[in-house]
Structure formats: C-alpha cells, structure tokens
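Participant: The structure under discussion is supplied below as structure tokens; questions concerning it will follow.
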Amino acid sequence: MPLVTLEGVGKSFGDNRVLSDVDLSVEAGEVVVVIGPSGSGKSTLCRCINRLETIDEGRILFEGNPLPAEGRELARMRSRVGMVFQSFNLFAHRTILDNVTLGPTKVLGQKRGQAEARARELLARVGIADKADRLPRQLSGGQQQRAAIARALAMDPVLMLFDEPTSALDPEMISEVLDVMRSLAATGMTMIVVTHEMGFARSAADRVAFMADGRILEIAPPDDFFGAPKSERARDFLARILQH
Amino acid sequence: MSGTPIVLADPPGPRGRRRILISSIIALVVIAGLVTLALLRLASKGQLDGELWSVFVDQPDLRTLLWNGLLDTLRAALTAMVLAVILGVALAMARMSRHRAVRIPAVAVVELFRSLPVLMLILFAYLGLPALGWKLSAFWALVLGLTAYNGAVISEIFRAGIASIDRGQTEAAAALGLRPVQIFRLIQFPQAVRRMSPTLISQLVTLLKDTSLGFVIAYSELLRSGRGAVEFLGSRYALPIYTVIAVIYIVTNNLLSALARWLDRQQNRRLGGGHAELPVDGAVATGARPAAAVPEQGGPGGTRT
Ligand SMILES: Nc1ncnc2c1ncn2[C@@H]1O[C@H](COP(=O)(O)OP(=O)(O)OP(=O)(O)O)[C@@H](O)[C@H]1O
Ligand SMILES: [Mg+2]
C-alpha cells in the first residue's frame, strides 16, 4: 500500500485553476522530487498533502485513509507528516530547543526531559547542537532551516514534505541543508521535495515529477527524466534551468 | 520601546547638523524667554509667594486629601485596567471566531463602545443603569465606563497584534499537529502581546488619566480631591495645588511606562522576539549575509511563492 495517494486531485483559487487531475502515489521509503516552473502548483500540491490547503476535487489518501477534514484526527495526521517551509517559520519567540520540543511535549505528550534529550540529539545530527539556546533570528538562514528540519523530525514523522527548503538561502548555505536532506533520504525516510536543485534531484530522488499548469506532466526516475524528458514543456524547462 | 529613538530621516550630514544646532539654540532661547516671562508675571501677581507653596507643609490635611485622592485614582485605574485587558482579549477572540453568531455581536459591541466618548459611558453607567434597576457606586460606574471604552480599544490593539504575526508561524504550528486553541495560546498570543505592548501601555496611561473623568460623578479621585481643596482653601491656591497634581500624574504615568519597559526587558531576557535588541550570533555576523538582513521570524517576508 502506498503511503500517500493522490487521485484526480483538483484545486482552484477563485478562477485560477491551480491543480488539475493530479495523480500521484508515493511508497514508503521513496523520495519524490517535484520540479516545474514558478506558479505551476508545486507548493499547493505539497500543502494539500497535510491539508494546509483543501482540495476541490478528487481525494488524497494517507496510509490508506482519506485525509481527515478537521479536529483531533486532522491534528494526529499532521503530527505524522513533517513539513519544512521555504521561509523556515521557526517560532520567533522561542529558543531553538523550545522550537524542537514544542511538538513532542504539546502534541505527543512526551515528558520535558525526554523531549529535550531527543531534541539535542537531533540538533547535533543537523550540526547545530551549540545553537540550542539561541533564538531563531540569531541564526543564519542555513542554520534556521536545519533547526526547522530537526523540529519536524522530532515528531518522528513517517513522511516529510519540503517546499523549496533552500530557495531563501544564500548559495553557500544551500549545500549544508541539502546534505542534511540527503542523509535523511539515506535513512529511508519518505520524502516529497519541491526544489529547483537539480543536483539534489539527480542524486537523491527515486522519481522526479515535472509539473506545469497544475498538472504532473511526467514522472520518472531521475536518469530517465533528465536523460530523455518526454514532454516539450519539460525539455524547455530543463534547457532554461540548466543554462545557468 | 527599545533604546534608540525613532527618527524619520536619514542621519544628518555636516550641513544638517549645523542647521539642527542653530535651530536648537533658537528654540532654547525662545522657550527660556517664555518661561521667564511666565514666572515674572506669576511673581508680580504674588503667585510664587512662599506662603502659597508652603501650604503643603502647613496643611497636613491637604497632604492626606491628595494622598487619598491618588489612592482612589489608582484603585479605579488598576481595577479598570485589569478588566479592560480581560474584556479586550475576550472581544478580540470573539471577533476572530469562526462563527458568525459570535463574531457579529463582538463587532457591534466594539464599534459601539469605541465610538462613544468615555465620559458618556461613565455617565450612562452612573445615571442610566440605575434607571434600568442597577444601582452602581461612583467607583464602579467609573470603572465600568472606563472598562467598556478601553476594552473595545484594547481588543482592536490586540487584534492588530495577532494579525501582524506571519501566517507561516501558525502554519508551522498546525503542521506539527497543534490544535487551534494551542496555536493561539502557544504561538499567537505570546507573540501578539510582545508586539502590542508599547501601544497597550500608552492606552493604559490614557486610561489612568481618564480616571479624572470620575470628577463628574463625584468620585473622589485625585483631581476632584484637588478641586475640593482649592474650593476650601481659596482660589489663590489653585496654581500650587494643580501644579502638584500635574506632577503626581506625570510621575505616576512615567512609573507605569517604566514598569512596562522593565517587564519587557525581563521577558526579553527570557524569550526575546518581538521588538527586542539582542546580541547577534558570531556565526551570523561572519556569514555572507549581514545579521540585520536575516529577517525577523526567520525568513523572507512573503510566506510562500
Ligand atoms: N493562497 C492563495 N490564494 C490565491 N492564489 C494562490 C494562493 N496560493 C497560490 N496561489 C496561486 O496558485 C498558483 C500556484 O501557486 P504555487 O505556489 O502552488 O506555485 P509554485 O509551483 O509553488 O510556484 P513557485 O515555484 O513560484 O513557488 C499561482 O498562480 C498562485 O498565484
Ligand atoms: Mg512554491
């Protein structure tokens, strides 16, 4: 059974049709990288999966069940899906350590001591153990994003969503975040990653999905996709993006 | 509320500095002249006579009267402050409710109270409510009037504070699996309080000053006590007594602001965020991006692209 299944998903913002007839299924342990031009609906797709956006058509199954619409069930589902945002979104008034322990203590009901020990372990794993007592804005962008990854991992998610996690970063900080994501992929984490980093797509993805105008036009293993893109749009896109 | 004053322009250059120096000197001379003139006029009318001003020493009853007036002012102000903040938060939450049936009455109450003069609300509580069979003491009429008006204003301050929080903050909290009530309590409320505290304090100072409206319903607050004293001792004493009362208001309100600043600093030390200045991590300072360019909330202003 796939971990996540999207069947005929459609969504509009007013007159603007953002997703149409999207089918996608992601197996446990798989890394799917979503690429495509700006405005093609990648973020929206990502956000629909943990129901930060609702869908108008079709359905989304998580672990075989339709996404709960509200309440405790929705919260429980979200607690099993980690999300990493382009703009980090660390809680500005809490220290890095508190950012990481908030979910485990308030959602999973872990004891403070236990949550802290685990948080420190995760911060060490993403390379910012010494920043535990800092506030988010005292960290560089790359450090903040790694803290955000640690915050998501602290919930022991079965799926991680990344929406352009490196797009807000300066070039020299991109690789430190991508390295963390690569090692996470290597541990067998299921990941859906929206990114413009083609190097990451080639090396870490099991499959690459190419989106344009709210549709998934192609989905294939990276070697096939980058070697021989089938659609005109994908060829254009790759030609443009690989030029620089 | 941070240390550096807020100015609207670029830091001045040499020419600007000279201009500022010259205009400052002119302003100083003018002000000094006006003050001297005023003092001379007062002196010529005998208003600065030692006997007038030593009244505070000679008349222990006057001191007691003003002291009790101050206590009554503070009692009414503190009660109204607590109630207004509670009412304000409650109204703001009601106004942000998902249910229209909760939202609409809250909007109506806020708009009504906010658009009436405080004085009218106080008079209504004192004279209007008894007509409806609800007799209030002058103290409670004053507190109620102040609470209604300031509660409405504070609810708007608070709502603006919540609205100013980046949507990414609540999305990140929701994505962790926090429930809406938890998101409010753990993420939105603390951040909103930090942001609105300067505005809130100035509103509370206004509230404290507005206790002087208790005057019209014969509540024995500071200003009314002073007027009573002037009536008793004679209008010759108006200047010294009102001057002292003004000083008491100024000192009290500044103490309130100082207390707020102190609380703010304590909170900063504990959690930071909001509008605080904090030391910047060395790692950031040496990075390519200057520390100041790392935006508050840890990301570019726009939540998504
Ligand atoms: N909250 C919203 N309200 C209205 N329109 C929206 C909203 N969010 C996204 N859109 C629109 O939906 C379309 C798809 O947006 P989306 O953010 O999913 O694209 P994207 O592929 O992530 O683009 P980018 O690469 O620029 O991040 C765009 O036309 C965008 O303007
Ligand atoms: Mg996007």
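Numbering starts fresh at 1 for the residues of each chain in the structure tokens, the chains themselves are lettered A, B, ... in the order given, and ligands are numbered from 1 as they appear.
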Mind checking which residues fall within 10 Å of Asp179 (chain A), counting only C-alpha atoms, ignoring those fewer than 6 positions away in the same chain, and posting them as a PyMOL selection string?
Facilitator: chain A and resi 126+185+200
Participant: Find the residues near ligand 2. Use a cut-off of 8 Å, count only C-alpha atoms and all ligand atoms, and write them as a PDB file with all heavy atoms, in the first residue's frame.
Facilitator:
```
ATOM      1  N   SER A  38       7.690  28.297 -12.043  1.00  0.00           N
ATOM      2  CA  SER A  38       7.015  29.052 -10.993  1.00  0.00           C
ATOM      3  C   SER A  38       5.518  29.163 -11.284  1.00  0.00           C
ATOM      4  O   SER A  38       5.121  29.384 -12.421  1.00  0.00           O
ATOM      5  CB  SER A  38       7.641  30.434 -10.912  1.00  0.00           C
ATOM      6  OG  SER A  38       7.012  31.180  -9.913  1.00  0.00           O
ATOM      7  N   GLY A  39       4.725  28.969 -10.261  1.00  0.00           N
ATOM      8  CA  GLY A  39       3.277  29.077 -10.425  1.00  0.00           C
ATOM      9  C   GLY A  39       2.617  27.824 -10.959  1.00  0.00           C
ATOM     10  O   GLY A  39       1.410  27.809 -11.200  1.00  0.00           O
ATOM     11  N   GLY A  41       2.056  25.137  -9.377  1.00  0.00           N
ATOM     12  CA  GLY A  41       1.230  24.469  -8.376  1.00  0.00           C
ATOM     13  C   GLY A  41       1.997  23.537  -7.450  1.00  0.00           C
ATOM     14  O   GLY A  41       1.394  22.766  -6.698  1.00  0.00           O
ATOM     15  N   LYS A  42       3.324  23.608  -7.456  1.00  0.00           N
ATOM     16  CA  LYS A  42       4.122  22.691  -6.635  1.00  0.00           C
ATOM     17  C   LYS A  42       3.873  22.894  -5.147  1.00  0.00           C
ATOM     18  O   LYS A  42       3.646  21.929  -4.408  1.00  0.00           O
ATOM     19  CB  LYS A  42       5.618  22.889  -6.931  1.00  0.00           C
ATOM     20  CG  LYS A  42       5.978  22.823  -8.398  1.00  0.00           C
ATOM     21  CD  LYS A  42       7.457  23.052  -8.637  1.00  0.00           C
ATOM     22  CE  LYS A  42       7.968  24.422  -8.218  1.00  0.00           C
ATOM     23  NZ  LYS A  42       7.450  25.542  -9.009  1.00  0.00           N
ATOM     24  N   SER A  43       3.915  24.158  -4.726  1.00  0.00           N
ATOM     25  CA  SER A  43       3.678  24.422  -3.301  1.00  0.00           C
ATOM     26  C   SER A  43       2.283  23.988  -2.897  1.00  0.00           C
ATOM     27  O   SER A  43       2.086  23.384  -1.839  1.00  0.00           O
ATOM     28  CB  SER A  43       3.823  25.914  -2.994  1.00  0.00           C
ATOM     29  OG  SER A  43       5.133  26.324  -3.232  1.00  0.00           O
ATOM     30  N   THR A  44       1.328  24.307  -3.729  1.00  0.00           N
ATOM     31  CA  THR A  44      -0.052  23.958  -3.420  1.00  0.00           C
ATOM     32  C   THR A  44      -0.195  22.445  -3.268  1.00  0.00           C
ATOM     33  O   THR A  44      -0.834  21.959  -2.324  1.00  0.00           O
ATOM     34  CB  THR A  44      -0.988  24.490  -4.520  1.00  0.00           C
ATOM     35  OG1 THR A  44      -0.721  25.887  -4.712  1.00  0.00           O
ATOM     36  CG2 THR A  44      -2.439  24.303  -4.134  1.00  0.00           C
ATOM     37  N   ASP A 163       9.032  22.190   1.006  1.00  0.00           N
ATOM     38  CA  ASP A 163       8.617  23.124  -0.040  1.00  0.00           C
ATOM     39  C   ASP A 163       9.728  24.132  -0.288  1.00  0.00           C
ATOM     40  O   ASP A 163       9.870  25.101   0.445  1.00  0.00           O
ATOM     41  CB  ASP A 163       7.324  23.842   0.366  1.00  0.00           C
ATOM     42  CG  ASP A 163       6.795  24.729  -0.761  1.00  0.00           C
ATOM     43  OD1 ASP A 163       7.358  24.664  -1.885  1.00  0.00           O
ATOM     44  OD2 ASP A 163       5.835  25.475  -0.519  1.00  0.00           O
ATOM     45  N   GLU A 164      10.518  23.890  -1.304  1.00  0.00           N
ATOM     46  CA  GLU A 164      11.657  24.753  -1.654  1.00  0.00           C
ATOM     47  C   GLU A 164      12.481  25.143  -0.429  1.00  0.00           C
ATOM     48  O   GLU A 164      12.632  26.324  -0.110  1.00  0.00           O
ATOM     49  CB  GLU A 164      11.151  26.009  -2.375  1.00  0.00           C
ATOM     50  CG  GLU A 164      10.447  25.666  -3.668  1.00  0.00           C
ATOM     51  CD  GLU A 164      10.371  26.853  -4.618  1.00  0.00           C
ATOM     52  OE1 GLU A 164      11.295  27.690  -4.558  1.00  0.00           O
ATOM     53  OE2 GLU A 164       9.428  26.918  -5.403  1.00  0.00           O
ATOM     54  N   VAL A 194       9.862  19.650  -3.041  1.00  0.00           N
ATOM     55  CA  VAL A 194       9.771  20.634  -4.117  1.00  0.00           C
ATOM     56  C   VAL A 194      11.075  21.410  -4.114  1.00  0.00           C
ATOM     57  O   VAL A 194      11.473  21.940  -3.070  1.00  0.00           O
ATOM     58  CB  VAL A 194       8.598  21.610  -3.878  1.00  0.00           C
ATOM     59  CG1 VAL A 194       8.569  22.677  -4.973  1.00  0.00           C
ATOM     60  CG2 VAL A 194       7.281  20.870  -3.804  1.00  0.00           C
TER      61      VAL A 194
ATOM     62  N   ARG B 304       5.078  32.465   1.028  1.00  0.00           N
ATOM     63  CA  ARG B 304       5.319  31.458   0.016  1.00  0.00           C
ATOM     64  C   ARG B 304       5.347  32.108  -1.348  1.00  0.00           C
ATOM     65  O   ARG B 304       4.926  33.229  -1.512  1.00  0.00           O
ATOM     66  CB  ARG B 304       4.230  30.387   0.069  1.00  0.00           C
ATOM     67  CG  ARG B 304       2.839  30.947   0.250  1.00  0.00           C
ATOM     68  CD  ARG B 304       1.914  29.814   0.548  1.00  0.00           C
ATOM     69  NE  ARG B 304       2.021  28.856  -0.527  1.00  0.00           N
ATOM     70  CZ  ARG B 304       1.015  28.610  -1.361  1.00  0.00           C
ATOM     71  NH1 ARG B 304      -0.126  29.207  -1.252  1.00  0.00           N
ATOM     72  NH2 ARG B 304       1.152  27.729  -2.321  1.00  0.00           N
ATOM     73  N   THR B 305       5.871  31.349  -2.286  1.00  0.00           N
ATOM     74  CA  THR B 305       5.904  31.876  -3.647  1.00  0.00           C
ATOM     75  C   THR B 305       5.235  30.918  -4.584  1.00  0.00           C
ATOM     76  O   THR B 305       5.027  29.768  -4.246  1.00  0.00           O
ATOM     77  CB  THR B 305       7.352  32.087  -4.113  1.00  0.00           C
ATOM     78  OG1 THR B 305       8.091  30.918  -3.780  1.00  0.00           O
ATOM     79  CG2 THR B 305       7.965  33.274  -3.449  1.00  0.00           C
TER      80      THR B 305
END
```
Participant: May I ask which of the residues A:Arg240, A:His196, A:Arg51, A:Arg112 is the closest one to chain B, counting only C-alpha atoms?
Facilitator: A:Arg51
Participant: Would you please work out which residue, of A:Val33, A:Cys46, A:Ala92, A:Ala69, is nearest to ligand 1 when using only C-alpha atoms and all ligand atoms?
Facilitator: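 Closest to ligand 1 of all the choices is A:Cys46.
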Participant: If I take CA of Ala119 (chain A) and CA of Ser164 (chain B), how far is one from the other in Å, to one decimal?
Facilitator: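 Interatomic distance, CA of Ala119 (chain A) to CA of Ser164 (chain B): 29.4 Å.
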Participant: Find the residue from A:Ile219, A:Leu3, A:Leu67, A:Met77 that sits nearest to chain B; use only C-alpha atoms when measuring.
Facilitator: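 Smallest distance to chain B is found for A:Met77.
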Participant: Should the cut-off be 9 Å, what would the residue list for chain A against chain B look like, counting only C-alpha atoms, as a PyMOL selection string?
Facilitator: chain A and resi 38-39+43+50-52+71-72+74-95+102-104+106-107+134-141+144-145+151-152+155+163+168+170+172
Participant: May I have all residues of region 147-231 of chain A that DSSP, computed from the backbone, assigns to alpha helix (DSSP H), given as a PyMOL selection string?
Facilitator: chain A and resi 147-153+171-186+198-204+222-227
Participant: Ranking B:Leu142, B:Leu233, B:Arg227, B:Ile22 by minimum distance to Gly214 (chain B) and counting only C-alpha atoms, which one comes first?
Facilitator: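 Ranked by minimum distance to Gly214 (chain B), first place goes to B:Leu142.
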